[in-house]
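Here the structure is laid out as structure tokens; the discussion comes afterwards.
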Amino acid sequence: MVEDRRVNDRLMIIKLVVGECTLNVVSAYATHACLDDEVKQRFWEGLDEILHQVPPTKKLFIRGDSNSHIGSTAGSYGEVHGGFGFGERNIGGTSLLDFAKFLGW
């Protein structure tokens with residue numbers, strides 16, 4: 001590990017060097033659905049800030065829990081939804097898919 005930065009209780013990034021490769025690992029645990037919208041918005045803004053600090057040419061891994069359901073249908077998210085979800089999409093799922101779309105994933 002060559003670098004770690006904790007943003008808050010829900011977000012951190014760790015930079016690892018493995019052989020010739022540098023890996024940027026983000027740990028992200030979204031707020032629960034019952035919390036205030038402002039708290040949820042701060043989480044997504046913090047995640048956005050972290051991800052924009054990693055150049056697009058670098059290896060990036062995001063792990064965590066988005067506390068969302070993306071549902072079984074892609075709808076207008078075909079470029080970021082592989083069709084492997086189940087059930088119905090909730091608001092958190094829409095936020096996650098919007099975020100992935102914004103990043104161009």
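Lettering and numbering for the structure tokens are positional, with chains as A, B, ... in the shown order, residues counted from 1 in each chain, and ligands counted from 1 in the shown order.
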
Those in stretch 36-90 of chain A with strand (DSSP E) from DSSP, as a PyMOL selection string: chain A and resi 59-65

Store the residues of this selection in a file with N, CA, C and O atoms, as a CSV table (one decimal), in the first residue's frame.
```csv
chain,number,residue,atom,x,y,z
A,59,LYS,N,-5.9,2.0,-13.3
A,59,LYS,CA,-6.9,0.9,-12.9
A,59,LYS,C,-7.7,1.3,-11.7
A,59,LYS,O,-7.1,1.7,-10.7
A,60,LEU,N,-9.0,1.2,-11.8
A,60,LEU,CA,-9.9,1.6,-10.7
A,60,LEU,C,-10.8,0.5,-10.4
A,60,LEU,O,-11.5,-0.1,-11.3
A,61,PHE,N,-11.0,0.1,-9.1
A,61,PHE,CA,-11.9,-0.9,-8.6
A,61,PHE,C,-12.8,-0.2,-7.5
A,61,PHE,O,-12.2,0.5,-6.6
A,62,ILE,N,-14.1,-0.4,-7.7
A,62,ILE,CA,-15.0,0.2,-6.7
A,62,ILE,C,-15.7,-1.0,-6.0
A,62,ILE,O,-16.2,-1.9,-6.7
A,63,ARG,N,-15.7,-1.1,-4.7
A,63,ARG,CA,-16.3,-2.1,-4.0
A,63,ARG,C,-17.1,-1.5,-2.8
A,63,ARG,O,-16.8,-0.4,-2.4
A,64,GLY,N,-18.2,-2.1,-2.5
A,64,GLY,CA,-19.0,-1.6,-1.4
A,64,GLY,C,-20.4,-2.0,-1.5
A,64,GLY,O,-20.7,-3.0,-2.1
A,65,ASP,N,-21.3,-1.2,-1.0
A,65,ASP,CA,-22.7,-1.5,-1.0
A,65,ASP,C,-23.4,-0.2,-1.3
A,65,ASP,O,-23.3,0.8,-0.5
```

Every residue of stretch 1-88 of chain A that DSSP places in alpha helix (DSSP H), as a ChimeraX atom specification: /A:37-51

Given the selection you just returned, output its residues as a file containing N, CA and C atoms, formatted as a short mmCIF file (atom, residue, chain, number, x, y, z; two decimals), in the first residue's frame.
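Here's the written file out17.cif:
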```cif
data_model
loop_
_atom_site.label_atom_id
_atom_site.label_comp_id
_atom_site.auth_asym_id
_atom_site.auth_seq_id
_atom_site.Cartn_x
_atom_site.Cartn_y
_atom_site.Cartn_z
N ASP A 37 -32.31 13.04 2.15
CA ASP A 37 -31.80 13.18 0.78
C ASP A 37 -30.49 13.96 0.73
N GLU A 38 -30.31 14.93 1.61
CA GLU A 38 -29.08 15.71 1.64
C GLU A 38 -27.88 14.83 2.00
N VAL A 39 -28.06 13.91 2.92
CA VAL A 39 -27.00 12.98 3.31
C VAL A 39 -26.65 12.08 2.13
N LYS A 40 -27.66 11.60 1.41
CA LYS A 40 -27.44 10.76 0.24
C LYS A 40 -26.68 11.53 -0.85
N GLN A 41 -27.08 12.77 -1.06
CA GLN A 41 -26.43 13.61 -2.07
C GLN A 41 -24.96 13.83 -1.73
N ARG A 42 -24.64 14.04 -0.46
CA ARG A 42 -23.24 14.23 -0.05
C ARG A 42 -22.42 12.97 -0.31
N PHE A 43 -23.03 11.79 -0.12
CA PHE A 43 -22.32 10.55 -0.43
C PHE A 43 -21.94 10.51 -1.90
N TRP A 44 -22.91 10.75 -2.80
CA TRP A 44 -22.64 10.67 -4.24
C TRP A 44 -21.64 11.74 -4.67
N GLU A 45 -21.71 12.91 -4.09
CA GLU A 45 -20.75 13.97 -4.42
C GLU A 45 -19.35 13.59 -3.95
N GLY A 46 -19.24 12.97 -2.76
CA GLY A 46 -17.94 12.52 -2.26
C GLY A 46 -17.35 11.43 -3.14
N LEU A 47 -18.18 10.50 -3.57
CA LEU A 47 -17.72 9.43 -4.46
C LEU A 47 -17.26 10.02 -5.79
N ASP A 48 -18.01 10.95 -6.31
CA ASP A 48 -17.64 11.63 -7.55
C ASP A 48 -16.28 12.31 -7.41
N GLU A 49 -16.07 12.98 -6.30
CA GLU A 49 -14.80 13.67 -6.05
C GLU A 49 -13.63 12.68 -6.04
N ILE A 50 -13.80 11.57 -5.36
CA ILE A 50 -12.74 10.55 -5.29
C ILE A 50 -12.43 10.01 -6.69
N LEU A 51 -13.46 9.65 -7.43
CA LEU A 51 -13.26 9.02 -8.73
C LEU A 51 -12.60 9.97 -9.73
#
```

Long-range neighbours of A:Lys15 as JSON, numbers by chain, 9 Å cut-off, only C-alpha atoms, 3 positions minimum in chain: {"A": [1, 2, 3, 4, 5, 22, 23, 24, 25, 26]}

Take the selection from the previous step and output its residues with all heavy atoms, as a compact mmCIF listing (two decimals), in the first residue's frame.
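Ended up saving to selection_32.txt:
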```
# COMPACT_ATOMS: atom_id res chain seq x y z
N MET A 1 0.85 -1.16 0.00
CA MET A 1 0.00 0.00 0.00
C MET A 1 0.90 1.23 0.00
O MET A 1 1.79 1.36 0.83
CB MET A 1 -0.90 -0.01 1.23
CG MET A 1 -1.83 1.17 1.25
SD MET A 1 -3.09 1.10 2.52
CE MET A 1 -2.13 1.27 3.99
N VAL A 2 0.65 2.11 -0.96
CA VAL A 2 1.47 3.32 -1.04
C VAL A 2 0.71 4.57 -0.62
O VAL A 2 1.32 5.61 -0.37
CB VAL A 2 2.05 3.52 -2.47
CG1 VAL A 2 3.04 2.42 -2.79
CG2 VAL A 2 0.96 3.59 -3.51
N GLU A 3 -0.62 4.47 -0.56
CA GLU A 3 -1.40 5.65 -0.18
C GLU A 3 -2.79 5.21 0.26
O GLU A 3 -3.35 4.26 -0.27
CB GLU A 3 -1.51 6.58 -1.39
CG GLU A 3 -2.22 7.87 -1.13
CD GLU A 3 -2.32 8.72 -2.39
OE1 GLU A 3 -1.46 8.59 -3.29
OE2 GLU A 3 -3.28 9.50 -2.47
N ASP A 4 -3.32 5.90 1.26
CA ASP A 4 -4.72 5.69 1.62
C ASP A 4 -5.30 7.03 2.06
O ASP A 4 -4.61 7.86 2.62
CB ASP A 4 -4.88 4.63 2.71
CG ASP A 4 -4.35 5.09 4.04
OD1 ASP A 4 -3.12 5.04 4.23
OD2 ASP A 4 -5.16 5.49 4.88
N ARG A 5 -6.55 7.22 1.73
CA ARG A 5 -7.22 8.46 2.11
C ARG A 5 -8.65 8.15 2.49
O ARG A 5 -9.43 7.64 1.69
CB ARG A 5 -7.20 9.47 0.96
CG ARG A 5 -7.75 10.82 1.36
CD ARG A 5 -7.49 11.87 0.31
NE ARG A 5 -8.32 11.73 -0.85
CZ ARG A 5 -9.52 12.31 -0.98
NH1 ARG A 5 -10.01 13.05 -0.02
NH2 ARG A 5 -10.22 12.13 -2.08
N THR A 22 -0.28 -0.46 -10.61
CA THR A 22 -0.84 0.33 -9.52
C THR A 22 -2.36 0.22 -9.59
O THR A 22 -2.97 0.45 -10.63
CB THR A 22 -0.43 1.81 -9.64
OG1 THR A 22 0.98 1.90 -9.61
CG2 THR A 22 -1.01 2.63 -8.51
N LEU A 23 -2.96 -0.17 -8.47
CA LEU A 23 -4.40 -0.35 -8.37
C LEU A 23 -4.99 0.70 -7.44
O LEU A 23 -4.46 0.94 -6.36
CB LEU A 23 -4.75 -1.73 -7.82
CG LEU A 23 -4.09 -2.94 -8.48
CD1 LEU A 23 -4.43 -4.20 -7.71
CD2 LEU A 23 -4.54 -3.05 -9.92
N ASN A 24 -6.06 1.33 -7.85
CA ASN A 24 -6.79 2.28 -7.02
C ASN A 24 -8.08 1.60 -6.59
O ASN A 24 -8.93 1.27 -7.43
CB ASN A 24 -7.11 3.54 -7.81
CG ASN A 24 -5.84 4.28 -8.18
OD1 ASN A 24 -5.32 5.03 -7.39
ND2 ASN A 24 -5.34 4.04 -9.39
N VAL A 25 -8.23 1.35 -5.30
CA VAL A 25 -9.39 0.64 -4.78
C VAL A 25 -10.22 1.61 -3.93
O VAL A 25 -9.72 2.17 -2.97
CB VAL A 25 -8.97 -0.57 -3.93
CG1 VAL A 25 -10.18 -1.32 -3.41
CG2 VAL A 25 -8.05 -1.50 -4.72
N VAL A 26 -11.47 1.77 -4.33
CA VAL A 26 -12.39 2.64 -3.60
C VAL A 26 -13.34 1.76 -2.80
O VAL A 26 -13.92 0.83 -3.33
CB VAL A 26 -13.19 3.54 -4.57
CG1 VAL A 26 -14.23 4.35 -3.82
CG2 VAL A 26 -12.25 4.45 -5.34
```

For atom CA of A:Ile91 and atom CA of A:Ile14, the interatomic separation in Å (one decimal):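 Taking atom CA of A:Ile91 as the start and atom CA of A:Ile14 as the end point, the length is 28.7 Å.
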
A:Ser76 surroundings by only C-alpha atoms, 10 Å radius, close-in-sequence under 4 positions cut, as a PyMOL selection string: chain A and resi 80-81+97

For C-alpha atoms, I'd like the residues from the last selection saved as an mmCIF file, in the first residue's frame.
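Done, and the output landed in out28.cif:
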```
data_model
loop_
_atom_site.group_PDB
_atom_site.id
_atom_site.type_symbol
_atom_site.label_atom_id
_atom_site.label_comp_id
_atom_site.auth_asym_id
_atom_site.auth_seq_id
_atom_site.Cartn_x
_atom_site.Cartn_y
_atom_site.Cartn_z
ATOM 1 C CA VAL A 80 -24.563 0.547 -18.008
ATOM 2 C CA HIS A 81 -27.102 -2.163 -17.050
ATOM 3 C CA LEU A 97 -27.265 3.906 -12.768
#
```

Separation of atom CA of A:His52 from atom CA of A:Gly75 in Å: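 Between atom CA of A:Gly75 and atom CA of A:His52 the gap is 26.9 Å.
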
Nearest residue to A:Gln53 from the set A:Ile13, A:Asn8, A:Ser66, A:Ala100 (distances using only C-alpha atoms):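 Closest to A:Gln53 of all the choices is A:Ile13.
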
Non-local contacts of A:Ala74 (12 Å; only C-alpha atoms; under 5 positions in same chain excluded) as a PyMOL selection string: chain A and resi 69+79-89+93-94+97-98

So that I have them on file, write out the residues from the current selection with N, CA and C atoms, as a CSV table (one decimal), in the first residue's frame.
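Saved result, out-v9.csv, follows:
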```
chain,number,residue,atom,x,y,z
A,69,HIS,N,-31.4,-1.1,-5.5
A,69,HIS,CA,-31.9,-2.2,-6.4
A,69,HIS,C,-32.0,-1.6,-7.8
A,79,GLU,N,-26.6,1.0,-21.7
A,79,GLU,CA,-25.2,1.1,-21.8
A,79,GLU,C,-24.5,0.8,-20.4
A,80,VAL,N,-25.2,0.8,-19.3
A,80,VAL,CA,-24.6,0.5,-18.0
A,80,VAL,C,-25.3,-0.6,-17.2
A,81,HIS,N,-26.3,-1.1,-17.7
A,81,HIS,CA,-27.1,-2.2,-17.0
A,81,HIS,C,-27.0,-3.4,-17.9
A,82,GLY,N,-26.4,-4.5,-17.4
A,82,GLY,CA,-26.3,-5.7,-18.1
A,82,GLY,C,-27.4,-6.6,-18.1
A,83,GLY,N,-28.5,-6.2,-17.4
A,83,GLY,CA,-29.7,-7.1,-17.4
A,83,GLY,C,-29.6,-8.2,-16.4
A,84,PHE,N,-28.7,-8.1,-15.4
A,84,PHE,CA,-28.5,-9.2,-14.4
A,84,PHE,C,-29.2,-8.9,-13.1
A,85,GLY,N,-30.0,-7.8,-13.0
A,85,GLY,CA,-30.6,-7.5,-11.7
A,85,GLY,C,-31.9,-8.3,-11.6
A,86,PHE,N,-32.6,-8.0,-10.5
A,86,PHE,CA,-33.9,-8.7,-10.3
A,86,PHE,C,-34.8,-7.7,-9.6
A,87,GLY,N,-36.1,-8.0,-9.6
A,87,GLY,CA,-37.1,-7.2,-9.0
A,87,GLY,C,-37.2,-5.8,-9.6
A,88,GLU,N,-37.7,-4.9,-8.8
A,88,GLU,CA,-38.0,-3.5,-9.3
A,88,GLU,C,-36.9,-2.6,-8.9
A,89,ARG,N,-36.6,-1.6,-9.7
A,89,ARG,CA,-35.6,-0.5,-9.4
A,89,ARG,C,-36.2,0.4,-8.4
A,93,GLY,N,-31.3,2.7,-6.9
A,93,GLY,CA,-30.9,2.1,-8.1
A,93,GLY,C,-30.8,3.1,-9.2
A,94,THR,N,-31.7,4.0,-9.3
A,94,THR,CA,-31.7,5.0,-10.3
A,94,THR,C,-30.5,5.9,-10.1
A,97,LEU,N,-27.3,4.0,-11.3
A,97,LEU,CA,-27.3,3.9,-12.8
A,97,LEU,C,-27.0,5.3,-13.4
A,98,ASP,N,-27.6,6.3,-12.8
A,98,ASP,CA,-27.3,7.7,-13.3
A,98,ASP,C,-25.8,8.0,-13.1
```

Counting only C-alpha atoms, the residue of A:Asp36, A:Phe99, A:Thr31, A:Met12 that sits nearest A:Asn67: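 Checking each of A:Asp36, A:Phe99, A:Thr31, A:Met12 against A:Asn67, counting only C-alpha atoms, the winner is A:Thr31.
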
A:Val54, A:Cys34, A:Phe102, A:Ala28 ranked by distance to A:Leu11, top pick (using only C-alpha atoms):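 Looking at the shortest contact to A:Leu11, the residue is A:Ala28.
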